[in-house]
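K.L.:
Supplied structure: structure_8.pdb, PDB, C-alpha atoms, pLDDT in the B column.
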ATOM      1  CA  MET A   1     117.987  20.891  10.814  1.00 78.00           C
ATOM      2  CA  GLN A   2     120.567  23.248   9.335  1.00 82.00           C
ATOM      3  CA  VAL A   3     122.420  20.338   7.730  1.00 81.00           C
ATOM      4  CA  LYS A   4     119.164  19.142   6.202  1.00 83.00           C
ATOM      5  CA  ARG A   5     118.545  22.601   4.786  1.00 85.00           C
ATOM      6  CA  LEU A   6     122.032  22.616   3.238  1.00 83.00           C
ATOM      7  CA  GLU A   7     121.472  19.164   1.784  1.00 83.00           C
ATOM      8  CA  ALA A   8     118.241  20.383   0.234  1.00 86.00           C
ATOM      9  CA  VAL A   9     119.962  23.445  -1.232  1.00 84.00           C
ATOM     10  CA  PHE A  10     122.861  21.485  -2.743  1.00 84.00           C
ATOM     11  CA  ASP A  11     120.761  18.413  -3.529  1.00 87.00           C
ATOM     12  CA  HIS A  12     123.471  16.153  -2.102  1.00 84.00           C
ATOM     13  CA  PRO A  13     123.861  14.310   1.197  1.00 86.00           C
ATOM     14  CA  LEU A  14     126.527  15.993   3.306  1.00 84.00           C
ATOM     15  CA  ILE A  15     126.814  13.473   6.155  1.00 83.00           C
ATOM     16  CA  GLU A  16     126.315   9.746   6.458  1.00 83.00           C
ATOM     17  CA  ARG A  17     125.869   7.521   9.476  1.00 76.00           C
ATOM     18  CA  ARG A  18     128.387   4.829  10.292  1.00 71.00           C
ATOM     19  CA  GLY A  19     127.333   2.778  13.235  1.00 68.00           C
ATOM     20  CA  ARG A  20     126.577   5.152  16.054  1.00 66.00           C
ATOM     21  CA  GLY A  21     128.623   7.954  14.538  1.00 69.00           C
ATOM     22  CA  ILE A  22     128.438  10.167  11.480  1.00 72.00           C
ATOM     23  CA  CYS A  23     131.025  11.252   8.899  1.00 79.00           C
ATOM     24  CA  LEU A  24     131.162  13.636   5.982  1.00 81.00           C
ATOM     25  CA  THR A  25     130.393  12.586   2.456  1.00 87.00           C
ATOM     26  CA  ARG A  26     132.641  13.710  -0.398  1.00 86.00           C
ATOM     27  CA  GLU A  27     130.311  16.669  -0.996  1.00 88.00           C
ATOM     28  CA  GLY A  28     130.341  17.409   2.729  1.00 83.00           C
ATOM     29  CA  GLU A  29     134.137  17.534   2.783  1.00 84.00           C
ATOM     30  CA  GLN A  30     134.118  19.967  -0.134  1.00 88.00           C
ATOM     31  CA  LEU A  31     131.588  22.184   1.601  1.00 86.00           C
ATOM     32  CA  LEU A  32     133.601  22.077   4.831  1.00 84.00           C
ATOM     33  CA  SER A  33     136.715  23.209   2.924  1.00 85.00           C
ATOM     34  CA  TYR A  34     134.800  26.133   1.413  1.00 87.00           C
ATOM     35  CA  GLY A  35     133.333  26.981   4.795  1.00 84.00           C
ATOM     36  CA  ARG A  36     136.733  27.176   6.444  1.00 80.00           C
ATOM     37  CA  ARG A  37     137.983  29.484   3.670  1.00 85.00           C
ATOM     38  CA  ILE A  38     134.909  31.688   4.027  1.00 87.00           C
ATOM     39  CA  ILE A  39     135.445  31.975   7.784  1.00 78.00           C
ATOM     40  CA  LYS A  40     139.131  32.792   7.259  1.00 75.00           C
ATOM     41  CA  LEU A  41     138.249  35.482   4.734  1.00 81.00           C
ATOM     42  CA  ASN A  42     135.591  36.848   7.072  1.00 75.00           C
ATOM     43  CA  ASP A  43     138.114  37.045   9.926  1.00 66.00           C
ATOM     44  CA  GLU A  44     140.638  38.783   7.688  1.00 70.00           C
ATOM     45  CA  ALA A  45     138.041  41.313   6.548  1.00 70.00           C
ATOM     46  CA  TRP A  46     136.955  41.945  10.133  1.00 66.00           C
ATOM     47  CA  GLN A  47     140.558  42.497  11.243  1.00 65.00           C
ATOM     48  CA  ARG A  48     141.230  44.932   8.421  1.00 64.00           C
ATOM     49  CA  MET A  49     138.054  46.855   9.137  1.00 60.00           C
ATOM     50  CA  THR A  50     138.565  47.117  12.888  1.00 61.00           C
ATOM     51  CA  HIS A  51     142.230  46.599  13.840  1.00 58.00           C
ATOM     52  CA  GLU A  52     143.948  49.775  15.022  1.00 60.00           C
ATOM     53  CA  ASP A  53     146.976  49.085  12.792  1.00 59.00           C
ATOM     54  CA  PHE A  54     144.753  49.587   9.768  1.00 70.00           C
ATOM     55  CA  GLN A  55     143.180  52.845  10.893  1.00 78.00           C
ATOM     56  CA  GLY A  56     144.486  56.394  10.718  1.00 87.00           C
ATOM     57  CA  GLN A  57     146.390  58.344   8.086  1.00 92.00           C
ATOM     58  CA  VAL A  58     149.338  57.423   5.895  1.00 95.00           C
ATOM     59  CA  SER A  59     151.305  60.021   3.921  1.00 97.00           C
ATOM     60  CA  LEU A  60     152.438  59.435   0.356  1.00 97.00           C
ATOM     61  CA  GLY A  61     154.737  61.673  -1.696  1.00 97.00           C
ATOM     62  CA  VAL A  62     154.754  61.521  -5.502  1.00 96.00           C
ATOM     63  CA  PRO A  63     156.553  63.604  -8.150  1.00 92.00           C
ATOM     64  CA  GLU A  64     154.168  65.804 -10.084  1.00 86.00           C
ATOM     65  CA  ASP A  65     154.823  64.080 -13.388  1.00 84.00           C
ATOM     66  CA  LEU A  66     153.818  60.679 -11.959  1.00 87.00           C
ATOM     67  CA  ILE A  67     150.586  61.742 -10.293  1.00 82.00           C
ATOM     68  CA  GLY A  68     148.362  61.006 -13.272  1.00 76.00           C
ATOM     69  CA  ALA A  69     149.779  57.562 -14.002  1.00 70.00           C
ATOM     70  CA  LEU A  70     149.039  54.715 -11.601  1.00 84.00           C
ATOM     71  CA  ILE A  71     148.378  56.727  -8.446  1.00 91.00           C
ATOM     72  CA  PRO A  72     144.566  56.996  -8.811  1.00 92.00           C
ATOM     73  CA  THR A  73     144.281  53.206  -9.170  1.00 91.00           C
ATOM     74  CA  ILE A  74     146.561  52.613  -6.191  1.00 93.00           C
ATOM     75  CA  MET A  75     144.612  55.011  -3.993  1.00 93.00           C
ATOM     76  CA  ARG A  76     141.285  53.503  -5.030  1.00 91.00           C
ATOM     77  CA  ASP A  77     142.372  49.935  -4.307  1.00 89.00           C
ATOM     78  CA  PHE A  78     143.994  50.890  -1.003  1.00 91.00           C
ATOM     79  CA  GLY A  79     140.883  52.815   0.058  1.00 89.00           C
ATOM     80  CA  THR A  80     138.691  49.822  -0.740  1.00 86.00           C
ATOM     81  CA  ALA A  81     140.891  47.443   1.243  1.00 84.00           C
ATOM     82  CA  TYR A  82     141.309  49.792   4.234  1.00 86.00           C
ATOM     83  CA  PRO A  83     138.149  51.905   4.531  1.00 86.00           C
ATOM     84  CA  MET A  84     139.138  53.126   8.019  1.00 85.00           C
ATOM     85  CA  ALA A  85     142.388  54.623   6.700  1.00 90.00           C
ATOM     86  CA  SER A  86     143.061  57.854   4.817  1.00 91.00           C
ATOM     87  CA  ILE A  87     145.909  59.006   2.577  1.00 94.00           C
ATOM     88  CA  HIS A  88     147.637  62.383   2.710  1.00 95.00           C
ATOM     89  CA  LEU A  89     149.058  62.992  -0.757  1.00 96.00           C
ATOM     90  CA  ALA A  90     151.976  65.364  -1.340  1.00 95.00           C
ATOM     91  CA  THR A  91     153.122  66.239  -4.858  1.00 92.00           C
ATOM     92  CA  THR A  92     156.434  67.980  -5.456  1.00 91.00           C
ATOM     93  CA  GLY A  93     159.873  67.301  -6.923  1.00 91.00           C
ATOM     94  CA  THR A  94     161.986  64.268  -6.100  1.00 94.00           C
ATOM     95  CA  ARG A  95     164.578  66.223  -4.108  1.00 93.00           C
ATOM     96  CA  LYS A  96     161.965  67.801  -1.828  1.00 95.00           C
ATOM     97  CA  LEU A  97     160.243  64.460  -1.339  1.00 96.00           C
ATOM     98  CA  LYS A  98     163.463  62.845  -0.139  1.00 96.00           C
ATOM     99  CA  VAL A  99     164.023  65.692   2.316  1.00 96.00           C
ATOM    100  CA  GLN A 100     160.493  65.262   3.684  1.00 97.00           C
ATOM    101  CA  LEU A 101     161.021  61.519   4.015  1.00 97.00           C
ATOM    102  CA  ASN A 102     164.209  62.107   6.035  1.00 96.00           C
ATOM    103  CA  GLU A 103     162.301  64.589   8.191  1.00 96.00           C
ATOM    104  CA  LYS A 104     159.632  61.894   8.703  1.00 95.00           C
ATOM    105  CA  THR A 105     156.822  64.051   7.415  1.00 96.00           C
ATOM    106  CA  LEU A 106     156.137  61.440   4.720  1.00 97.00           C
ATOM    107  CA  ASP A 107     155.806  57.681   5.149  1.00 97.00           C
ATOM    108  CA  VAL A 108     156.255  56.490   1.561  1.00 98.00           C
ATOM    109  CA  ILE A 109     157.576  58.326  -1.480  1.00 98.00           C
ATOM    110  CA  LEU A 110     158.072  57.634  -5.170  1.00 97.00           C
ATOM    111  CA  THR A 111     160.944  59.286  -6.989  1.00 96.00           C
ATOM    112  CA  THR A 112     162.344  59.587 -10.489  1.00 95.00           C
ATOM    113  CA  GLU A 113     166.135  59.174 -10.372  1.00 95.00           C
ATOM    114  CA  ALA A 114     169.063  58.032 -12.482  1.00 94.00           C
ATOM    115  CA  LEU A 115     169.527  54.273 -12.200  1.00 92.00           C
ATOM    116  CA  ASP A 116     173.155  54.522 -11.084  1.00 89.00           C
ATOM    117  CA  GLU A 117     172.444  57.040  -8.313  1.00 91.00           C
ATOM    118  CA  ALA A 118     169.226  55.968  -6.585  1.00 92.00           C
ATOM    119  CA  THR A 119     169.220  53.797  -3.459  1.00 93.00           C
ATOM    120  CA  GLY A 120     165.509  52.989  -3.253  1.00 94.00           C
ATOM    121  CA  GLU A 121     163.545  50.024  -4.572  1.00 94.00           C
ATOM    122  CA  CYS A 122     163.360  50.254  -8.365  1.00 93.00           C
ATOM    123  CA  LEU A 123     159.795  49.744  -9.564  1.00 92.00           C
ATOM    124  CA  TYR A 124     160.279  50.681 -13.191  1.00 89.00           C
ATOM    125  CA  LYS A 125     163.024  51.875 -15.506  1.00 90.00           C
ATOM    126  CA  ALA A 126     163.005  53.677 -18.839  1.00 89.00           C
ATOM    127  CA  PRO A 127     165.405  55.635 -21.029  1.00 92.00           C
ATOM    128  CA  MET A 128     165.599  59.418 -20.873  1.00 95.00           C
ATOM    129  CA  ARG A 129     164.759  61.012 -24.229  1.00 96.00           C
ATOM    130  CA  TRP A 130     164.455  64.453 -25.883  1.00 97.00           C
ATOM    131  CA  PHE A 131     160.932  65.649 -26.773  1.00 97.00           C
ATOM    132  CA  THR A 132     159.206  68.546 -28.490  1.00 97.00           C
ATOM    133  CA  GLY A 133     155.877  69.243 -30.190  1.00 95.00           C
ATOM    134  CA  ALA A 134     154.607  67.631 -33.372  1.00 93.00           C
ATOM    135  CA  ASP A 135     156.183  68.898 -36.618  1.00 93.00           C
ATOM    136  CA  SER A 136     158.501  71.215 -34.680  1.00 96.00           C
ATOM    137  CA  GLN A 137     162.183  71.587 -35.551  1.00 97.00           C
ATOM    138  CA  ILE A 138     162.942  73.821 -32.591  1.00 97.00           C
ATOM    139  CA  TYR A 139     165.693  71.333 -31.695  1.00 98.00           C
ATOM    140  CA  ALA A 140     167.820  72.929 -34.431  1.00 97.00           C
ATOM    141  CA  LYS A 141     167.744  76.385 -32.826  1.00 97.00           C
ATOM    142  CA  ARG A 142     170.765  77.696 -30.916  1.00 97.00           C
ATOM    143  CA  PRO A 143     170.783  78.408 -28.100  1.00 98.00           C
ATOM    144  CA  LEU A 144     168.481  75.420 -27.671  1.00 98.00           C
ATOM    145  CA  PRO A 145     165.319  76.514 -25.775  1.00 98.00           C
ATOM    146  CA  LEU A 146     164.580  74.242 -22.814  1.00 97.00           C
ATOM    147  CA  ALA A 147     161.375  74.093 -20.763  1.00 95.00           C
ATOM    148  CA  TYR A 148     162.277  73.290 -17.150  1.00 93.00           C
ATOM    149  CA  HIS A 149     161.691  74.422 -13.618  1.00 88.00           C
ATOM    150  CA  LEU A 150     165.036  74.959 -11.899  1.00 86.00           C
ATOM    151  CA  GLY A 151     164.247  72.229  -9.384  1.00 85.00           C
ATOM    152  CA  CYS A 152     163.413  69.572 -11.990  1.00 90.00           C
ATOM    153  CA  ILE A 153     165.353  66.346 -11.419  1.00 92.00           C
ATOM    154  CA  PHE A 154     165.931  65.901 -15.158  1.00 95.00           C
ATOM    155  CA  MET A 155     167.367  69.335 -15.923  1.00 95.00           C
ATOM    156  CA  PRO A 156     170.945  68.805 -14.601  1.00 96.00           C
ATOM    157  CA  TYR A 157     171.330  65.693 -16.744  1.00 96.00           C
ATOM    158  CA  ALA A 158     169.989  67.449 -19.831  1.00 97.00           C
ATOM    159  CA  VAL A 159     172.232  70.502 -19.540  1.00 97.00           C
ATOM    160  CA  HIS A 160     175.294  68.418 -18.632  1.00 97.00           C
ATOM    161  CA  ALA A 161     174.779  66.334 -21.769  1.00 97.00           C
ATOM    162  CA  LEU A 162     174.392  69.474 -23.895  1.00 98.00           C
ATOM    163  CA  ASP A 163     177.458  71.121 -22.369  1.00 98.00           C
ATOM    164  CA  SER A 164     179.525  67.994 -22.956  1.00 97.00           C
ATOM    165  CA  VAL A 165     178.970  68.240 -26.721  1.00 97.00           C
ATOM    166  CA  GLY A 166     179.156  72.028 -26.937  1.00 97.00           C
ATOM    167  CA  ILE A 167     175.471  72.757 -27.611  1.00 98.00           C
ATOM    168  CA  THR A 168     174.441  76.113 -26.149  1.00 98.00           C
ATOM    169  CA  TRP A 169     171.075  76.310 -24.433  1.00 98.00           C
ATOM    170  CA  GLN A 170     168.755  78.723 -22.674  1.00 97.00           C
ATOM    171  CA  ARG A 171     165.691  78.560 -20.445  1.00 96.00           C
ATOM    172  CA  PRO A 172     163.512  81.322 -21.964  1.00 95.00           C
ATOM    173  CA  TYR A 173     160.194  80.331 -20.442  1.00 92.00           C
ATOM    174  CA  ASP A 174     158.817  80.226 -16.934  1.00 86.00           C
ATOM    175  CA  ALA A 175     155.502  79.247 -15.370  1.00 82.00           C
ATOM    176  CA  ASP A 176     153.934  78.692 -11.978  1.00 75.00           C
ATOM    177  CA  ASP A 177     153.477  74.972 -12.518  1.00 74.00           C
ATOM    178  CA  TRP A 178     155.353  72.237 -14.395  1.00 75.00           C
ATOM    179  CA  ARG A 179     152.169  71.437 -16.324  1.00 77.00           C
ATOM    180  CA  ASP A 180     152.130  75.001 -17.647  1.00 84.00           C
ATOM    181  CA  LEU A 181     155.768  74.714 -18.688  1.00 89.00           C
ATOM    182  CA  SER A 182     155.013  71.528 -20.588  1.00 90.00           C
ATOM    183  CA  THR A 183     152.688  73.573 -22.781  1.00 93.00           C
ATOM    184  CA  PHE A 184     155.730  75.205 -24.409  1.00 95.00           C
ATOM    185  CA  VAL A 185     156.971  71.751 -25.379  1.00 96.00           C
ATOM    186  CA  SER A 186     153.562  70.760 -26.765  1.00 95.00           C
ATOM    187  CA  ALA A 187     153.504  73.982 -28.777  1.00 96.00           C
ATOM    188  CA  GLY A 188     156.876  73.141 -30.309  1.00 97.00           C
ATOM    189  CA  LEU A 189     158.542  76.195 -28.748  1.00 97.00           C
ATOM    190  CA  ALA A 190     160.938  74.290 -26.515  1.00 97.00           C
ATOM    191  CA  VAL A 191     162.596  70.941 -25.904  1.00 97.00           C
ATOM    192  CA  GLN A 192     162.541  68.851 -22.744  1.00 96.00           C
ATOM    193  CA  ALA A 193     164.378  65.672 -21.838  1.00 96.00           C
ATOM    194  CA  THR A 194     162.500  63.304 -19.555  1.00 94.00           C
ATOM    195  CA  MET A 195     161.746  59.629 -19.029  1.00 92.00           C
ATOM    196  CA  ALA A 196     160.279  58.207 -22.211  1.00 85.00           C
ATOM    197  CA  ASN A 197     157.195  56.867 -20.476  1.00 79.00           C
ATOM    198  CA  ILE A 198     156.120  59.943 -18.544  1.00 78.00           C
ATOM    199  CA  ARG A 199     155.968  62.330 -21.467  1.00 77.00           C
ATOM    200  CA  LYS A 200     152.692  63.952 -22.519  1.00 81.00           C
ATOM    201  CA  HIS A 201     150.686  62.268 -25.239  1.00 84.00           C
ATOM    202  CA  ASP A 202     151.180  65.137 -27.701  1.00 90.00           C
ATOM    203  CA  TRP A 203     154.979  65.204 -27.379  1.00 94.00           C
ATOM    204  CA  HIS A 204     157.136  63.688 -30.098  1.00 95.00           C
ATOM    205  CA  GLU A 205     160.631  62.346 -29.711  1.00 96.00           C
ATOM    206  CA  VAL A 206     163.361  64.457 -31.288  1.00 97.00           C
ATOM    207  CA  PRO A 207     164.809  62.475 -34.234  1.00 96.00           C
ATOM    208  CA  SER A 208     168.254  60.968 -33.853  1.00 93.00           C
ATOM    209  CA  HIS A 209     169.633  62.949 -36.800  1.00 94.00           C
ATOM    210  CA  ALA A 210     169.108  66.169 -34.791  1.00 96.00           C
ATOM    211  CA  GLY A 211     172.406  65.471 -33.047  1.00 96.00           C
ATOM    212  CA  LEU A 212     171.234  65.934 -29.457  1.00 98.00           C
ATOM    213  CA  PRO A 213     173.374  63.950 -27.002  1.00 97.00           C
ATOM    214  CA  SER A 214     172.442  60.635 -25.413  1.00 96.00           C
ATOM    215  CA  LEU A 215     171.069  60.615 -21.877  1.00 96.00           C
ATOM    216  CA  PRO A 216     171.186  58.225 -18.898  1.00 94.00           C
ATOM    217  CA  ASP A 217     168.507  55.712 -18.013  1.00 93.00           C
ATOM    218  CA  PHE A 218     166.125  56.673 -15.230  1.00 94.00           C
ATOM    219  CA  GLY A 219     163.805  54.750 -12.957  1.00 93.00           C
ATOM    220  CA  VAL A 220     160.808  55.096 -10.671  1.00 94.00           C
ATOM    221  CA  PHE A 221     161.937  54.273  -7.122  1.00 95.00           C
ATOM    222  CA  MET A 222     160.091  53.740  -3.854  1.00 96.00           C
ATOM    223  CA  TYR A 223     161.359  54.687  -0.392  1.00 97.00           C
ATOM    224  CA  ILE A 224     159.746  53.824   2.955  1.00 97.00           C
ATOM    225  CA  ARG A 225     160.831  55.560   6.137  1.00 95.00           C
ATOM    226  CA  GLU A 226     162.487  53.261   8.655  1.00 92.00           C
ATOM    227  CA  ASP A 227     159.868  53.437  11.401  1.00 91.00           C
ATOM    228  CA  ALA A 228     156.864  53.607   9.085  1.00 93.00           C
ATOM    229  CA  PRO A 229     153.584  52.282  10.535  1.00 91.00           C
ATOM    230  CA  GLU A 230     152.025  49.039   9.360  1.00 89.00           C
ATOM    231  CA  LEU A 231     149.529  51.008   7.280  1.00 91.00           C
ATOM    232  CA  ALA A 232     152.386  52.538   5.274  1.00 94.00           C
ATOM    233  CA  LEU A 233     153.855  49.089   4.610  1.00 93.00           C
ATOM    234  CA  GLN A 234     150.498  47.950   3.298  1.00 92.00           C
ATOM    235  CA  LEU A 235     150.306  50.985   0.996  1.00 95.00           C
ATOM    236  CA  ALA A 236     153.809  50.230  -0.269  1.00 95.00           C
ATOM    237  CA  GLY A 237     152.620  46.739  -1.123  1.00 93.00           C
ATOM    238  CA  PHE A 238     149.787  48.135  -3.239  1.00 92.00           C
ATOM    239  CA  ILE A 239     152.233  50.433  -5.059  1.00 94.00           C
ATOM    240  CA  ARG A 240     154.665  47.591  -5.682  1.00 92.00           C
ATOM    241  CA  ASP A 241     151.962  45.267  -6.978  1.00 88.00           C
ATOM    242  CA  GLU A 242     150.514  47.878  -9.313  1.00 88.00           C
ATOM    243  CA  TYR A 243     153.866  48.565 -10.967  1.00 87.00           C
ATOM    244  CA  TYR A 244     154.863  44.912 -11.174  1.00 79.00           C
ATOM    245  CA  MET A 245     151.538  43.812 -12.656  1.00 72.00           C
ATOM    246  CA  LEU A 246     151.853  46.190 -15.604  1.00 61.00           C
ATOM    247  CA  GLY A 247     154.168  45.418 -18.481  1.00 53.00           C
ATOM    248  CA  PRO A 248     156.142  48.210 -20.189  1.00 49.00           C
ATOM    249  CA  GLN A 249     153.593  48.668 -22.972  1.00 46.00           C
ATOM    250  CA  LYS A 250     150.651  48.978 -20.586  1.00 46.00           C
ATOM    251  CA  LEU A 251     152.587  51.355 -18.350  1.00 47.00           C
ATOM    252  CA  LYS A 252     153.481  53.457 -21.385  1.00 48.00           C
ATOM    253  CA  ALA A 253     149.808  53.703 -22.317  1.00 41.00           C
ATOM    254  CA  VAL A 254     148.834  54.708 -18.779  1.00 42.00           C
ATOM    255  CA  MET A 255     151.591  57.288 -18.434  1.00 43.00           C
ATOM    256  CA  ALA A 256     151.111  58.881 -21.836  1.00 42.00           C
TER     257      ALA A 256
END
Here is a file; write its structure as structure tokens.
P.N.:
Amino acid sequence: MQVKRLEAVFDHPLIERRGRGICLTREGEQLLSYGRRIIKLNDEAWQRMTHEDFQGQVSLGVPEDLIGALIPTIMRDFGTAYPMASIHLATTGTRKLKVQLNEKTLDVILTTEALDEATGECLYKAPMRWFTGADSQIYAKRPLPLAYHLGCIFMPYAVHALDSVGITWQRPYDADDWRDLSTFVSAGLAVQATMANIRKHDWHEVPSHAGLPSLPDFGVFMYIREDAPELALQLAGFIRDEYYMLGPQKLKAVMA
């Protein structure tokens, strides 16, 4: 009776009799193939929704300047796929994140590091550039005003490059948060060197004729602690896919 109902729905015979037995028609074979895929997908969904490996909490660490880029999309997609899981999100500098990973208080971290120094999985790379506010020529001032927190991963590379060419610099501004410090750059009162694709949308690159020194290439890297749970490995897969699916131009648009 159920087969007859299906035949009525699809308006095609699904089985045919051959002697005392029956066999599938071409349409029946197609429907059987779809049915097997549906059952497999159903089983996979059931396992994800109920298996203990896909329940609980996973901890993710992200540098503050990456938090507004792809992280919301990653968290949304992961939450949809694993509704019984939760994410603890920690935002701080790269150095602190690596310490927390070694202490096993974080399962997965993203970092921004120089390409020739990092040991993690490189998800994205971009040049390091000098930036200031629109129409500002603060880059000509000496000492050159920089806007950095002391713990910023980019600051040592910026000041080393300046020192190597004899450009004096100072750090005249301070703030409670890196986002507040970036305001001085937007206002054209300071310069900051950072990865080209994580700058703020209202920052402008310092022109080459300003004479500021060249800087190393940086990358976004991912680290997973050695004994991370299966849930953390699944989260890492979502992070990896999100970065790999986006080309440089799309990533630039998201990060700006």
K.L.:
Can you list what the PyMOL selection byres ((chain A and resi 77) around 12) grabs from this structure, as a JSON list (two decimals) with C-alpha atoms, in the coordinates of the input?
P.N.:
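As a result, selection-v1.json now contains:
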[["chain", "number", "residue", "atom", "x", "y", "z"],
["A", 70, "LEU", "CA", 149.04, 54.72, -11.60],
["A", 71, "ILE", "CA", 148.38, 56.73, -8.45],
["A", 72, "PRO", "CA", 144.57, 57.00, -8.81],
["A", 73, "THR", "CA", 144.28, 53.21, -9.17],
["A", 74, "ILE", "CA", 146.56, 52.61, -6.19],
["A", 75, "MET", "CA", 144.61, 55.01, -3.99],
["A", 76, "ARG", "CA", 141.28, 53.50, -5.03],
["A", 78, "PHE", "CA", 143.99, 50.89, -1.00],
["A", 79, "GLY", "CA", 140.88, 52.82, 0.06],
["A", 80, "THR", "CA", 138.69, 49.82, -0.74],
["A", 81, "ALA", "CA", 140.89, 47.44, 1.24],
["A", 82, "TYR", "CA", 141.31, 49.79, 4.23],
["A", 83, "PRO", "CA", 138.15, 51.90, 4.53],
["A", 85, "ALA", "CA", 142.39, 54.62, 6.70],
["A", 87, "ILE", "CA", 145.91, 59.01, 2.58],
["A", 234, "GLN", "CA", 150.50, 47.95, 3.30],
["A", 235, "LEU", "CA", 150.31, 50.98, 1.00],
["A", 237, "GLY", "CA", 152.62, 46.74, -1.12],
["A", 238, "PHE", "CA", 149.79, 48.14, -3.24],
["A", 239, "ILE", "CA", 152.23, 50.43, -5.06],
["A", 241, "ASP", "CA", 151.96, 45.27, -6.98],
["A", 242, "GLU", "CA", 150.51, 47.88, -9.31]]
K.L.:
I'd like the residues picked by the PyMOL selection byres ((chain A and resi 135) around 12) written out as a VMD selection string, using the chain letters and numbers from the file.
P.N.:
chain A and resid 131 to 134 136 to 139 185 to 189 202 to 207
K.L.:
Output C-alpha atoms of each residue in that selection to a file, as a short mmCIF file (atom, residue, chain, number, x, y, z; two decimals), in the frame of the given file.
P.N.:
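Final output, result.cif:
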data_model
loop_
_atom_site.label_atom_id
_atom_site.label_comp_id
_atom_site.auth_asym_id
_atom_site.auth_seq_id
_atom_site.Cartn_x
_atom_site.Cartn_y
_atom_site.Cartn_z
CA PHE A 131 160.93 65.65 -26.77
CA THR A 132 159.21 68.55 -28.49
CA GLY A 133 155.88 69.24 -30.19
CA ALA A 134 154.61 67.63 -33.37
CA SER A 136 158.50 71.22 -34.68
CA GLN A 137 162.18 71.59 -35.55
CA ILE A 138 162.94 73.82 -32.59
CA TYR A 139 165.69 71.33 -31.70
CA VAL A 185 156.97 71.75 -25.38
CA SER A 186 153.56 70.76 -26.76
CA ALA A 187 153.50 73.98 -28.78
CA GLY A 188 156.88 73.14 -30.31
CA LEU A 189 158.54 76.19 -28.75
CA ASP A 202 151.18 65.14 -27.70
CA TRP A 203 154.98 65.20 -27.38
CA HIS A 204 157.14 63.69 -30.10
CA GLU A 205 160.63 62.35 -29.71
CA VAL A 206 163.36 64.46 -31.29
CA PRO A 207 164.81 62.48 -34.23
#
K.L.:
Under the PyMOL selection byres ((chain A and resi 145) around 12), which residues of this model are included? Write them out as a short mmCIF file (atom, residue, chain, number, x, y, z; two decimals) with C-alpha atoms, keeping the file's coordinate frame.
P.N.:
data_model
loop_
_atom_site.label_atom_id
_atom_site.label_comp_id
_atom_site.auth_asym_id
_atom_site.auth_seq_id
_atom_site.Cartn_x
_atom_site.Cartn_y
_atom_site.Cartn_z
CA PHE A 131 160.93 65.65 -26.77
CA THR A 132 159.21 68.55 -28.49
CA GLN A 137 162.18 71.59 -35.55
CA ILE A 138 162.94 73.82 -32.59
CA TYR A 139 165.69 71.33 -31.70
CA ALA A 140 167.82 72.93 -34.43
CA LYS A 141 167.74 76.39 -32.83
CA ARG A 142 170.76 77.70 -30.92
CA PRO A 143 170.78 78.41 -28.10
CA LEU A 144 168.48 75.42 -27.67
CA LEU A 146 164.58 74.24 -22.81
CA ALA A 147 161.38 74.09 -20.76
CA TYR A 148 162.28 73.29 -17.15
CA ALA A 158 169.99 67.45 -19.83
CA VAL A 159 172.23 70.50 -19.54
CA LEU A 162 174.39 69.47 -23.90
CA ILE A 167 175.47 72.76 -27.61
CA THR A 168 174.44 76.11 -26.15
CA TRP A 169 171.08 76.31 -24.43
CA GLN A 170 168.76 78.72 -22.67
CA ARG A 171 165.69 78.56 -20.44
CA PRO A 172 163.51 81.32 -21.96
CA TYR A 173 160.19 80.33 -20.44
CA ASP A 174 158.82 80.23 -16.93
CA PHE A 184 155.73 75.20 -24.41
CA VAL A 185 156.97 71.75 -25.38
CA GLY A 188 156.88 73.14 -30.31
CA LEU A 189 158.54 76.19 -28.75
CA ALA A 190 160.94 74.29 -26.52
CA VAL A 191 162.60 70.94 -25.90
CA GLN A 192 162.54 68.85 -22.74
CA ALA A 193 164.38 65.67 -21.84
#
K.L.:
What is the atom CA of Asn102 of chain A to atom CA of Leu66 of chain A distance in Å?
P.N.:
20.8 Å
K.L.:
Select all residues near (158.7, 47.9, -5.7) (cut-off 7 Å, inclusive, file coordinates), counting only C-alpha atoms, and output them as a list in words.
P.N.:
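I get Glu121, Cys122, Leu123, Met222, Ile239 and Arg240 of chain A for the residues within 7 Å of that point.
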K.L.:
In Å, with one decimal, what is the gap from atom CA of Tyr244 of chain A to atom CA of Leu115 of chain A?
P.N.:
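One can read the atom CA of Tyr244 of chain A to atom CA of Leu115 of chain A distance as 17.4 Å.
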K.L.:
A:Met155, A:Leu32, A:Phe221, A:Leu233: which is nearest Leu97 of chain A, counting only C-alpha atoms?
P.N.:
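Comparing A:Met155, A:Leu32, A:Phe221, A:Leu233 against Leu97 of chain A, the winner is A:Phe221.
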K.L.:
What's the separation between atom CA of Ala161 of chain A and atom CA of Arg129 of chain A, in Å to one decimal place?
P.N.:
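Answer for the atom CA of Ala161 of chain A to atom CA of Arg129 of chain A separation: 11.6 Å.
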K.L.:
Have a look at A:Glu64, A:Ala232, A:Glu103, A:Ala69 and name the one nearest to Asp177 of chain A; count all atoms listed in the file.
P.N.:
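Of the candidates, the smallest distance to Asp177 of chain A is held by A:Glu64.
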K.L.:
Find, counting only C-alpha atoms, the residue in A:Asp11, A:Val58, A:Thr194, A:Ile224 that gets nearest to Glu113 of chain A.
P.N.:
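Among the listed residues, the smallest separation from Glu113 of chain A belongs to A:Thr194.
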K.L.:
So, with only C-alpha atoms as the atoms that count, which of A:Leu181, A:Ala228, A:Val3, A:Ile39 lies closest to Thr105 of chain A?
P.N.:
A:Ala228
K.L.:
Using only C-alpha atoms for the distances, tell me which of A:Glu117, A:Asp163, A:Asp180, A:Glu230 is nearest to Gly56 of chain A.
P.N.:
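Of the candidates, the smallest distance to Gly56 of chain A is held by A:Glu230.
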K.L.:
Using all atoms listed in the file, determine which residues lie at most 12 Å from Leu6 of chain A, disregarding the query and same-chain residues fewer than 4 positions distant; provide the list as a PyMOL selection string.
P.N.:
chain A and resi 1-2+10-15+27-28+31-32
